[in-house]
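Colleague: File model-v1.pdb below, PDB, C-alpha atoms:
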```pdb
ATOM      1  CA  MET A 778      33.907 -13.338  94.840
ATOM      2  CA  PRO A 779      30.340 -12.304  95.572
ATOM      3  CA  SER A 780      28.463 -14.302  98.154
ATOM      4  CA  PRO A 781      25.154 -15.980  97.251
ATOM      5  CA  ASN A 782      23.142 -13.642  99.428
ATOM      6  CA  ALA A 783      24.428 -10.593  97.515
ATOM      7  CA  VAL A 784      23.291 -12.184  94.247
ATOM      8  CA  LEU A 785      19.938 -13.201  95.706
ATOM      9  CA  ILE A 786      19.238  -9.766  97.171
ATOM     10  CA  ILE A 787      20.197  -7.927  93.970
ATOM     11  CA  SER A 788      18.078 -10.188  91.780
ATOM     12  CA  PHE A 789      15.236  -9.930  94.308
ATOM     13  CA  LEU A 790      15.378  -6.123  94.067
ATOM     14  CA  LEU A 791      15.512  -6.203  90.263
ATOM     15  CA  PHE A 792      12.551  -8.583  90.093
ATOM     16  CA  SER A 793      10.421  -6.518  92.468
ATOM     17  CA  THR A 794      11.249  -3.345  90.521
ATOM     18  CA  GLY A 795       9.976  -5.134  87.421
ATOM     19  CA  VAL A 796       6.783  -6.249  89.168
ATOM     20  CA  ALA A 797       6.169  -2.744  90.509
ATOM     21  CA  GLY A 798       6.710  -1.246  87.057
ATOM     22  CA  ILE A 799       4.264  -3.655  85.438
ATOM     23  CA  LEU A 800       1.662  -2.887  88.084
ATOM     24  CA  ILE A 801       1.933   0.905  88.119
ATOM     25  CA  ARG A 802       2.861   2.129  84.633
ATOM     26  CA  ARG A 803       0.352   2.957  81.882
ATOM     27  CA  ASN A 804       2.738   2.854  78.936
ATOM     28  CA  ALA A 805       2.764  -0.545  77.205
ATOM     29  CA  LEU A 806       6.408  -0.089  76.123
ATOM     30  CA  VAL A 807       7.577   0.422  79.697
ATOM     31  CA  ILE A 808       5.573  -2.625  80.777
ATOM     32  CA  LEU A 809       7.383  -4.738  78.159
ATOM     33  CA  MET A 810      10.744  -3.439  79.409
ATOM     34  CA  CYS A 811       9.774  -4.372  82.978
ATOM     35  CA  ALA A 812       9.025  -7.925  81.825
ATOM     36  CA  GLU A 813      12.509  -8.064  80.296
ATOM     37  CA  LEU A 814      13.943  -6.868  83.592
ATOM     38  CA  MET A 815      12.210  -9.697  85.468
ATOM     39  CA  LEU A 816      13.651 -12.252  83.047
ATOM     40  CA  ASN A 817      17.094 -10.757  83.652
ATOM     41  CA  ALA A 818      16.713 -11.082  87.406
ATOM     42  CA  ALA A 819      15.914 -14.767  86.906
ATOM     43  CA  ASN A 820      18.984 -15.115  84.669
ATOM     44  CA  LEU A 821      21.175 -13.665  87.382
ATOM     45  CA  ASN A 822      19.966 -16.356  89.784
ATOM     46  CA  PHE A 823      20.484 -19.072  87.180
ATOM     47  CA  ILE A 824      24.100 -18.051  86.694
ATOM     48  CA  ALA A 825      24.832 -17.679  90.400
ATOM     49  CA  PHE A 826      23.392 -21.102  91.213
ATOM     50  CA  ALA A 827      25.136 -22.708  88.233
ATOM     51  CA  ARG A 828      28.354 -21.398  89.736
ATOM     52  CA  HIS A 829      27.408 -22.528  93.201
ATOM     53  CA  SER A 830      26.481 -26.063  92.164
ATOM     54  CA  GLY A 831      29.452 -26.402  89.813
ATOM     55  CA  SER A 832      27.399 -27.327  86.747
ATOM     56  CA  VAL A 833      27.188 -25.428  83.506
ATOM     57  CA  GLY A 834      23.515 -26.212  82.874
ATOM     58  CA  GLY A 835      22.372 -23.003  84.515
ATOM     59  CA  GLN A 836      24.424 -20.912  82.126
ATOM     60  CA  ALA A 837      23.099 -22.830  79.124
ATOM     61  CA  PHE A 838      19.566 -22.304  80.369
ATOM     62  CA  ALA A 839      20.207 -18.594  80.946
ATOM     63  CA  LEU A 840      21.213 -18.352  77.300
ATOM     64  CA  MET A 841      17.909 -20.000  76.380
ATOM     65  CA  VAL A 842      15.989 -17.553  78.554
ATOM     66  CA  MET A 843      17.719 -14.762  76.633
ATOM     67  CA  GLY A 844      16.436 -16.256  73.368
ATOM     68  CA  PHE A 845      12.910 -16.497  74.751
ATOM     69  CA  ALA A 846      13.153 -12.867  75.873
ATOM     70  CA  ALA A 847      14.125 -11.826  72.352
ATOM     71  CA  ALA A 848      11.148 -13.705  70.882
ATOM     72  CA  GLU A 849       8.836 -12.172  73.470
ATOM     73  CA  VAL A 850       9.986  -8.637  72.798
ATOM     74  CA  ALA A 851       9.627  -9.065  69.036
ATOM     75  CA  VAL A 852       6.012 -10.221  69.337
ATOM     76  CA  GLY A 853       5.218  -7.684  72.059
ATOM     77  CA  LEU A 854       6.518  -4.736  70.053
ATOM     78  CA  ALA A 855       4.636  -5.946  66.972
ATOM     79  CA  ILE A 856       1.461  -6.018  69.073
ATOM     80  CA  VAL A 857       2.180  -2.472  70.327
ATOM     81  CA  VAL A 858       2.672  -1.215  66.765
ATOM     82  CA  ALA A 859      -0.509  -2.935  65.532
ATOM     83  CA  LEU A 860      -2.415  -1.538  68.487
ATOM     84  CA  TYR A 861      -1.125   1.965  67.842
ATOM     85  CA  ARG A 862      -2.204   1.697  64.227
ATOM     86  CA  ARG A 863      -5.715   0.637  65.143
ATOM     87  CA  LYS A 864      -6.463   2.671  68.276
ATOM     88  CA  ALA A 865      -3.749   5.395  68.165
ATOM     89  CA  THR A 866      -2.740   4.748  71.763
ATOM     90  CA  VAL A 867      -0.169   2.772  73.693
ATOM     91  CA  GLN A 868      -1.642   3.472  77.117
ATOM     92  CA  VAL A 869      -2.921   0.209  78.542
ATOM     93  CA  ASP A 870      -5.896   1.757  80.351
ATOM     94  CA  ASP A 871      -7.250   3.133  77.065
ATOM     95  CA  ILE A 872      -7.601  -0.430  75.787
ATOM     96  CA  ASN A 873     -10.804  -1.826  77.247
ATOM     97  CA  LEU A 874     -12.285  -3.877  74.409
ATOM     98  CA  LEU A 875     -13.079  -6.780  76.742
ATOM     99  CA  LYS A 876     -14.833  -4.597  79.295
ATOM    100  CA  GLY A 877     -18.573  -5.341  79.304
TER
ATOM    101  CA  MET B1090      43.629   5.725  97.200
ATOM    102  CA  GLU B1091      45.046   2.274  96.623
ATOM    103  CA  ASN B1092      42.915   0.827  99.397
ATOM    104  CA  LEU B1093      39.863   2.425  97.843
ATOM    105  CA  LEU B1094      40.655   0.858  94.467
ATOM    106  CA  ILE B1095      41.228  -2.541  96.056
ATOM    107  CA  SER B1096      37.939  -2.418  97.956
ATOM    108  CA  LEU B1097      36.160  -1.296  94.761
ATOM    109  CA  ALA B1098      37.634  -4.238  92.854
ATOM    110  CA  GLN B1099      36.567  -6.631  95.589
ATOM    111  CA  ASN B1100      33.005  -5.341  95.596
ATOM    112  CA  LEU B1101      32.340  -5.174  91.866
ATOM    113  CA  PHE B1102      29.255  -7.348  92.073
ATOM    114  CA  PRO B1103      27.275  -5.241  94.586
ATOM    115  CA  ILE B1104      28.337  -2.060  92.774
ATOM    116  CA  PHE B1105      27.097  -3.325  89.419
ATOM    117  CA  GLY B1106      23.972  -4.776  91.018
ATOM    118  CA  LEU B1107      23.003  -1.589  92.816
ATOM    119  CA  LEU B1108      23.655   0.445  89.656
ATOM    120  CA  ALA B1109      21.382  -1.984  87.790
ATOM    121  CA  VAL B1110      18.642  -1.467  90.387
ATOM    122  CA  GLY B1111      19.128   2.300  90.013
ATOM    123  CA  GLY B1112      18.765   2.065  86.238
ATOM    124  CA  ALA B1113      15.628  -0.014  86.681
ATOM    125  CA  ALA B1114      14.177   2.569  89.073
ATOM    126  CA  LEU B1115      14.949   5.314  86.527
ATOM    127  CA  MET B1116      13.177   3.220  83.898
ATOM    128  CA  VAL B1117      10.042   2.845  86.006
ATOM    129  CA  ALA B1118       9.925   6.441  87.233
ATOM    130  CA  SER B1119      10.820   8.535  84.205
ATOM    131  CA  ARG B1120       8.138  10.420  82.323
ATOM    132  CA  GLN B1121       9.694  10.347  78.861
ATOM    133  CA  ALA B1122       9.712   6.970  77.103
ATOM    134  CA  VAL B1123      13.191   7.614  75.701
ATOM    135  CA  HIS B1124      14.518   8.138  79.227
ATOM    136  CA  SER B1125      12.893   4.856  80.209
ATOM    137  CA  VAL B1126      14.698   3.103  77.364
ATOM    138  CA  LEU B1127      17.999   4.673  78.452
ATOM    139  CA  GLY B1128      17.436   3.500  82.032
ATOM    140  CA  PHE B1129      16.694   0.023  80.667
ATOM    141  CA  LEU B1130      19.917   0.117  78.638
ATOM    142  CA  PHE B1131      21.899   1.148  81.721
ATOM    143  CA  ALA B1132      20.337  -1.633  83.800
ATOM    144  CA  MET B1133      21.132  -4.204  81.102
ATOM    145  CA  LEU B1134      24.763  -3.050  80.868
ATOM    146  CA  CYS B1135      25.111  -3.348  84.642
ATOM    147  CA  VAL B1136      23.553  -6.829  84.612
ATOM    148  CA  ALA B1137      26.114  -7.778  81.958
ATOM    149  CA  GLY B1138      28.773  -6.522  84.367
ATOM    150  CA  CYS B1139      27.263  -8.724  87.078
ATOM    151  CA  PHE B1140      27.493 -11.723  84.737
ATOM    152  CA  LEU B1141      31.167 -10.924  84.114
ATOM    153  CA  THR B1142      31.939 -10.730  87.825
ATOM    154  CA  LEU B1143      30.253 -14.129  88.239
ATOM    155  CA  GLU B1144      32.736 -15.432  85.624
ATOM    156  CA  ALA B1145      30.090 -16.150  83.024
ATOM    157  CA  GLU B1146      32.033 -14.351  80.303
ATOM    158  CA  PHE B1147      30.147 -15.766  77.354
ATOM    159  CA  LEU B1148      26.792 -14.811  78.826
ATOM    160  CA  GLY B1149      28.032 -11.331  79.702
ATOM    161  CA  ILE B1150      29.024 -10.690  76.101
ATOM    162  CA  ALA B1151      25.811 -12.304  74.842
ATOM    163  CA  GLN B1152      23.854 -10.016  77.167
ATOM    164  CA  LEU B1153      25.635  -6.976  75.695
ATOM    165  CA  LEU B1154      24.975  -8.119  72.125
ATOM    166  CA  VAL B1155      21.363  -9.234  72.582
ATOM    167  CA  TYR B1156      20.087  -6.487  74.889
ATOM    168  CA  ALA B1157      22.240  -3.415  74.231
ATOM    169  CA  GLY B1158      22.673  -4.286  70.567
ATOM    170  CA  GLY B1159      19.278  -5.684  69.642
ATOM    171  CA  ILE B1160      16.426  -5.214  72.048
ATOM    172  CA  VAL B1161      17.183  -1.624  73.103
ATOM    173  CA  VAL B1162      17.458  -0.546  69.465
ATOM    174  CA  LEU B1163      14.126  -2.245  68.753
ATOM    175  CA  PHE B1164      12.537  -0.404  71.687
ATOM    176  CA  LEU B1165      13.996   2.906  70.521
ATOM    177  CA  PHE B1166      12.591   2.337  67.027
ATOM    178  CA  VAL B1167       9.110   1.731  68.396
ATOM    179  CA  VAL B1168       9.366   4.763  70.704
ATOM    180  CA  MET B1169      10.232   6.890  67.683
ATOM    181  CA  LEU B1170       7.456   5.262  65.637
ATOM    182  CA  VAL B1171       4.724   5.853  68.191
ATOM    183  CA  GLU B1172       3.488   9.336  68.982
ATOM    184  CA  LEU B1173       3.838   9.693  72.741
ATOM    185  CA  THR B1174       3.864  13.470  73.164
ATOM    186  CA  LYS B1175       0.106  13.780  73.513
ATOM    187  CA  TYR B1176       0.197  11.905  76.826
ATOM    188  CA  LYS B1177       2.585  14.392  78.387
ATOM    189  CA  GLU B1178       0.013  16.056  80.584
ATOM    190  CA  LYS B1179      -1.520  12.770  81.713
ATOM    191  CA  ASP B1180      -0.432  10.964  84.851
ATOM    192  CA  ILE B1181       2.117   8.288  83.970
ATOM    193  CA  PHE B1182       1.076   6.006  86.812
ATOM    194  CA  GLN B1183      -2.063   3.949  87.120
ATOM    195  CA  LYS B1184      -4.804   4.684  89.629
ATOM    196  CA  GLN B1185      -3.836   1.681  91.749
ATOM    197  CA  THR B1186      -0.231   2.830  92.185
ATOM    198  CA  LYS B1187      -0.304   3.188  95.964
ATOM    199  CA  VAL B1188      -1.972  -0.184  96.518
ATOM    200  CA  ALA B1189       0.375  -1.866  94.060
ATOM    201  CA  LEU B1190       3.491  -0.379  95.664
ATOM    202  CA  LEU B1191       2.240  -1.416  99.102
ATOM    203  CA  ALA B1192       1.589  -4.940  97.798
ATOM    204  CA  VAL B1193       5.080  -5.172  96.297
ATOM    205  CA  ALA B1194       6.677  -3.892  99.517
ATOM    206  CA  GLY B1195       4.596  -6.372 101.517
ATOM    207  CA  GLY B1196       5.648  -9.169  99.190
ATOM    208  CA  LEU B1197       9.297  -8.172  99.610
ATOM    209  CA  LEU B1198       8.940  -8.226 103.385
ATOM    210  CA  VAL B1199       7.068 -11.544 103.483
ATOM    211  CA  VAL B1200       9.359 -13.391 101.070
ATOM    212  CA  GLY B1201      12.473 -11.832 102.574
ATOM    213  CA  GLY B1202      11.293 -12.821 106.056
ATOM    214  CA  ALA B1203      10.465 -16.349 104.978
ATOM    215  CA  LEU B1204      13.847 -16.724 103.270
ATOM    216  CA  ARG B1205      15.856 -14.826 105.865
ATOM    217  CA  ASN B1206      17.928 -17.874 106.749
ATOM    218  CA  ALA B1207      18.778 -18.461 103.113
ATOM    219  CA  LEU B1208      19.480 -14.788 102.510
ATOM    220  CA  PHE B1209      21.301 -13.771 105.681
ATOM    221  CA  GLY B1210      22.312 -17.050 107.343
ATOM    222  CA  PRO B1211      25.916 -18.157 107.756
ATOM    223  CA  ALA B1212      25.817 -20.484 104.742
ATOM    224  CA  ALA B1213      24.967 -17.574 102.470
ATOM    225  CA  LYS B1214      28.025 -15.601 103.536
ATOM    226  CA  GLU B1215      30.551 -18.023 102.037
ATOM    227  CA  ALA B1216      31.925 -17.013  98.667
ATOM    228  CA  LEU B1217      30.620 -18.871  95.639
ATOM    229  CA  THR B1218      32.485 -22.004  94.603
ATOM    230  CA  LEU B1219      35.024 -22.085  91.845
ATOM    231  CA  ARG B1220      34.013 -22.394  88.235
ATOM    232  CA  PRO B1221      33.227 -25.997  87.247
ATOM    233  CA  GLU B1222      35.923 -26.359  84.587
ATOM    234  CA  ILE B1223      38.657 -25.734  87.157
ATOM    235  CA  THR B1224      37.189 -28.027  89.773
ATOM    236  CA  ASN B1225      36.787 -30.784  87.205
ATOM    237  CA  GLY B1226      40.455 -30.615  86.386
ATOM    238  CA  ALA B1227      40.072 -29.777  82.708
ATOM    239  CA  VAL B1228      40.567 -26.078  82.022
ATOM    240  CA  LEU B1229      38.170 -25.057  79.261
ATOM    241  CA  GLY B1230      37.030 -21.648  78.171
ATOM    242  CA  ASN B1231      33.674 -20.475  79.439
ATOM    243  CA  ALA B1232      32.202 -20.448  75.919
ATOM    244  CA  GLN B1233      33.401 -24.011  75.370
ATOM    245  CA  ALA B1234      31.817 -25.203  78.613
ATOM    246  CA  VAL B1235      28.518 -23.441  77.880
ATOM    247  CA  SER B1236      28.356 -24.810  74.350
ATOM    248  CA  ARG B1237      29.044 -28.310  75.637
ATOM    249  CA  GLY B1238      26.100 -27.938  78.004
ATOM    250  CA  LEU B1239      23.939 -26.411  75.300
ATOM    251  CA  PHE B1240      24.601 -28.885  72.501
ATOM    252  CA  ALA B1241      25.070 -32.061  74.538
ATOM    253  CA  ASP B1242      22.776 -31.903  77.564
ATOM    254  CA  PHE B1243      20.166 -29.416  76.361
ATOM    255  CA  LEU B1244      19.936 -30.158  72.661
ATOM    256  CA  LEU B1245      16.162 -30.666  72.552
ATOM    257  CA  PRO B1246      15.303 -27.419  74.407
ATOM    258  CA  PHE B1247      17.748 -25.632  72.106
ATOM    259  CA  GLU B1248      15.976 -26.918  69.004
ATOM    260  CA  ILE B1249      12.582 -26.031  70.503
ATOM    261  CA  LEU B1250      13.914 -22.524  71.138
ATOM    262  CA  SER B1251      14.938 -22.199  67.498
ATOM    263  CA  ILE B1252      11.410 -23.135  66.391
ATOM    264  CA  ILE B1253       9.940 -20.636  68.866
ATOM    265  CA  LEU B1254      12.178 -17.913  67.454
ATOM    266  CA  LEU B1255      11.052 -18.750  63.919
ATOM    267  CA  VAL B1256       7.370 -18.639  64.958
ATOM    268  CA  ALA B1257       7.945 -15.322  66.764
ATOM    269  CA  LEU B1258       9.626 -13.896  63.665
ATOM    270  CA  VAL B1259       6.714 -14.851  61.409
ATOM    271  CA  GLY B1260       4.186 -13.714  64.009
ATOM    272  CA  ALA B1261       5.851 -10.328  64.424
ATOM    273  CA  VAL B1262       5.837  -9.738  60.684
ATOM    274  CA  VAL B1263       2.176 -10.765  60.368
ATOM    275  CA  LEU B1264       1.116  -8.617  63.336
ATOM    276  CA  ALA B1265       2.990  -5.500  62.293
ATOM    277  CA  LYS B1266       2.267  -5.403  58.560
ATOM    278  CA  THR B1267      -0.466  -3.165  57.205
ATOM    279  CA  GLU B1268      -3.585  -4.706  55.778
ATOM    280  CA  ARG B1269      -3.555  -2.707  52.560
ATOM    281  CA  VAL B1270      -0.327  -4.182  51.194
TER
END
```
Represent the supplied structure as structure tokens.

Modeller:
Amino acid sequence: MPSPNAVLIISFLLFSTGVAGILIRRNALVILMCAELMLNAANLNFIAFARHSGSVGGQAFALMVMGFAAAEVAVGLAIVVALYRRKATVQVDDINLLKG
Amino acid sequence: MENLLISLAQNLFPIFGLLAVGGAALMVASRQAVHSVLGFLFAMLCVAGCFLTLEAEFLGIAQLLVYAGGIVVLFLFVVMLVELTKYKEKDIFQKQTKVALLAVAGGLLVVGGALRNALFGPAAKEALTLRPEITNGAVLGNAQAVSRGLFADFLLPFEILSIILLVALVGAVVLAKTERV
């Protein structure tokens, strides 16, 4: 059986990889994938702590987080496609409509 | 050989977890978007393996179905739909990459230092407790236990989630459709 610190360290590493990817990449698709990765790291913690505390609520909530992630990715990819149609780019630093 | 297999079987969680981190690093660092999607797929498969080693069988299978079966295919479709080849010569990283990486490393150090008792203390070394169905006396399947939690204790959030999914479905269709049709 894995110990809690193994789970915490792995999910910590996954989450920080996601944060780093969101901060450094230009491609909007990769940024969306990094957001998914962060949600997965949170799910890992949910499941480990549900196991640790002996309740099943954490697993049920992890399933809900998965549903939210699916909704998020559907809307995010639709935004990317609409953006590509209008501006012919998916690089986030080419999109500066709000810049004064 | 046998000892190696036994030690591998005892350390499945760290193996899957480190492979997942490797897939995530491949996703962040690769130049081609398709390679990024493949790294993402690999990371998701390894996270599903982590769920299985934590004895959350239903969630492991759900992770395989939702991510490997649905989301990765959706990402691949959009990668094929969008012309990415013209950015090949451009730098794939933002200008602030060094600062951002330093900030993330600093955050790792600070949070890891603040939580070092929780992460590395003696209490964290004990193995996780047994699954709740066994400790409660009644042996149920994992799917049965999860569905009991989902439909009895968390019914309202579940219904809210279904409405959110419906809104996201309609919103995605409205956002992605062309204006001429």

Colleague: Give me, as a PyMOL selection string, all polymer residues having an atom no more than 9 Å from range 1096-1104 of chain B, counting all atoms listed in the file and skipping those fewer than 3 positions away in the same chain.

Modeller: (chain A and resi 778-779+783-784+787) or (chain B and resi 1091-1093+1107-1109+1135+1138-1143)

Colleague: Find the nearest atom pair between each residue of range 842-875 of chain A and range 802-823 of chain A for residues within 6 Å, count only C-alpha atoms, give distances in Å to one decimal, sort rows by chain and ascending number, and present the table as a tab-separated table.

Modeller:
```
residue	atom	partner	partner_atom	distance
A:Val867	CA	A:Ala805	CA	5.7
A:Gln868	CA	A:Asn804	CA	4.8
A:Val869	CA	A:Arg803	CA	5.4
```

Colleague: Any chance you could resolve the PyMOL selection byres ((chain A and resi 845-848) around 8) against this file and give the residues as a ChimeraX atom specification?

Modeller: /A:813,816,841-844,849-852 /B:1155,1160,1250,1253-1254,1257-1258

Colleague: Please produce a file of those selected residues containing C-alpha atoms, as an mmCIF file, keeping the file's coordinate frame.

Modeller:
```cif
data_model
loop_
_atom_site.group_PDB
_atom_site.id
_atom_site.type_symbol
_atom_site.label_atom_id
_atom_site.label_comp_id
_atom_site.auth_asym_id
_atom_site.auth_seq_id
_atom_site.Cartn_x
_atom_site.Cartn_y
_atom_site.Cartn_z
ATOM 1 C CA GLU A 813 12.509 -8.064 80.296
ATOM 2 C CA LEU A 816 13.651 -12.252 83.047
ATOM 3 C CA MET A 841 17.909 -20.000 76.380
ATOM 4 C CA VAL A 842 15.989 -17.553 78.554
ATOM 5 C CA MET A 843 17.719 -14.762 76.633
ATOM 6 C CA GLY A 844 16.436 -16.256 73.368
ATOM 7 C CA GLU A 849 8.836 -12.172 73.470
ATOM 8 C CA VAL A 850 9.986 -8.637 72.798
ATOM 9 C CA ALA A 851 9.627 -9.065 69.036
ATOM 10 C CA VAL A 852 6.012 -10.221 69.337
ATOM 11 C CA VAL B 1155 21.363 -9.234 72.582
ATOM 12 C CA ILE B 1160 16.426 -5.214 72.048
ATOM 13 C CA LEU B 1250 13.914 -22.524 71.138
ATOM 14 C CA ILE B 1253 9.940 -20.636 68.866
ATOM 15 C CA LEU B 1254 12.178 -17.913 67.454
ATOM 16 C CA ALA B 1257 7.945 -15.322 66.764
ATOM 17 C CA LEU B 1258 9.626 -13.896 63.665
#
```

Colleague: Can you turn the PyMOL selection byres ((chain B and resi 1205-1210) around 12) into a concrete residue list for this file, as a PyMOL selection string?

Modeller: (chain A and resi 780-789) or (chain B and resi 1197-1204+1211-1215)

Colleague: From the options B:Leu1244, B:Ile1181, B:Leu1191, B:Ile1150, which residue's atoms come nearest to chain A, counting only C-alpha atoms?

Modeller: B:Ile1181

Colleague: Could you tell me, as number ranges by chain, exactly which residues end up selected when the PyMOL selection byres ((chain A and resi 855-859) around 6) is applied to this structure?

Modeller: A: 852-854, 860-862; B: 1261, 1264-1265

Colleague: Would you write out those residues with C-alpha atoms, as a PDB file, in the coordinates of the input?

Modeller:
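Okay, part01.pdb is ready:
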```pdb
ATOM      1  CA  VAL A 852       6.012 -10.221  69.337  1.00  0.00           C
ATOM      2  CA  GLY A 853       5.218  -7.684  72.059  1.00  0.00           C
ATOM      3  CA  LEU A 854       6.518  -4.736  70.053  1.00  0.00           C
ATOM      4  CA  LEU A 860      -2.415  -1.538  68.487  1.00  0.00           C
ATOM      5  CA  TYR A 861      -1.125   1.965  67.842  1.00  0.00           C
ATOM      6  CA  ARG A 862      -2.204   1.697  64.227  1.00  0.00           C
TER       7      ARG A 862
ATOM      8  CA  ALA B1261       5.851 -10.328  64.424  1.00  0.00           C
ATOM      9  CA  LEU B1264       1.116  -8.617  63.336  1.00  0.00           C
ATOM     10  CA  ALA B1265       2.990  -5.500  62.293  1.00  0.00           C
TER      11      ALA B1265
END
```

Colleague: What is the distance, in Å and to one decimal place, between CA of Leu874 in chain A and CA of Gly798 in chain A?

Modeller: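 Computed distance, CA of Leu874 in chain A to CA of Gly798 in chain A, equals 23.0 Å.
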
Colleague: Would you mind reading off the distance between CA of Leu840 in chain A and CA of Asn1231 in chain B, one decimal, in Å?

Modeller: 12.8 Å

Colleague: Mind listing whatever residues come within 9 Å of the point (9.9, -2.9, 88.6)? Use all atoms listed in the file, file coordinates, and give them as a PDB file with C-alpha atoms, keeping the file's coordinate frame.

Modeller:
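Output contents, as saved in selection_17.pdb:
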```
ATOM      1  CA  LEU A 790      15.378  -6.123  94.067  1.00  0.00           C
ATOM      2  CA  LEU A 791      15.512  -6.203  90.263  1.00  0.00           C
ATOM      3  CA  PHE A 792      12.551  -8.583  90.093  1.00  0.00           C
ATOM      4  CA  SER A 793      10.421  -6.518  92.468  1.00  0.00           C
ATOM      5  CA  THR A 794      11.249  -3.345  90.521  1.00  0.00           C
ATOM      6  CA  GLY A 795       9.976  -5.134  87.421  1.00  0.00           C
ATOM      7  CA  VAL A 796       6.783  -6.249  89.168  1.00  0.00           C
ATOM      8  CA  ALA A 797       6.169  -2.744  90.509  1.00  0.00           C
ATOM      9  CA  GLY A 798       6.710  -1.246  87.057  1.00  0.00           C
ATOM     10  CA  ILE A 799       4.264  -3.655  85.438  1.00  0.00           C
ATOM     11  CA  LEU A 800       1.662  -2.887  88.084  1.00  0.00           C
ATOM     12  CA  ILE A 801       1.933   0.905  88.119  1.00  0.00           C
ATOM     13  CA  ILE A 808       5.573  -2.625  80.777  1.00  0.00           C
ATOM     14  CA  CYS A 811       9.774  -4.372  82.978  1.00  0.00           C
ATOM     15  CA  ALA A 812       9.025  -7.925  81.825  1.00  0.00           C
ATOM     16  CA  LEU A 814      13.943  -6.868  83.592  1.00  0.00           C
ATOM     17  CA  MET A 815      12.210  -9.697  85.468  1.00  0.00           C
TER      18      MET A 815
ATOM     19  CA  ALA B1113      15.628  -0.014  86.681  1.00  0.00           C
ATOM     20  CA  ALA B1114      14.177   2.569  89.073  1.00  0.00           C
ATOM     21  CA  MET B1116      13.177   3.220  83.898  1.00  0.00           C
ATOM     22  CA  VAL B1117      10.042   2.845  86.006  1.00  0.00           C
TER      23      VAL B1117
END
```

Colleague: Using only C-alpha atoms, which residue out of A:Ala839, A:Lys876, A:Ala865, A:Asp871 lies closest to Phe826 in chain A?

Modeller: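 With only C-alpha atoms as the atom set, the closest residue is A:Ala839.
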
Colleague: Suppose you want the space between CA of Ala1151 in chain B and CA of Phe1166 in chain B; what is it in Å?

Modeller: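 Separating CA of Ala1151 in chain B from CA of Phe1166 in chain B is a distance of 21.2 Å.
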
Colleague: Between A:Ile872, A:Lys864, A:Ala827, A:Ala837, which is the closest to chain B once you count all atoms listed in the file?

Modeller: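 The closest residue to chain B is A:Ala837.
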
Colleague: Around (22.8, -1.7, 82.2), as given in the file, which residues come within 9 Å? Count all atoms listed in the file and list them as a PyMOL selection string.

Modeller: chain B and resi 1105+1108-1109+1112-1113+1127-1138+1153+1157
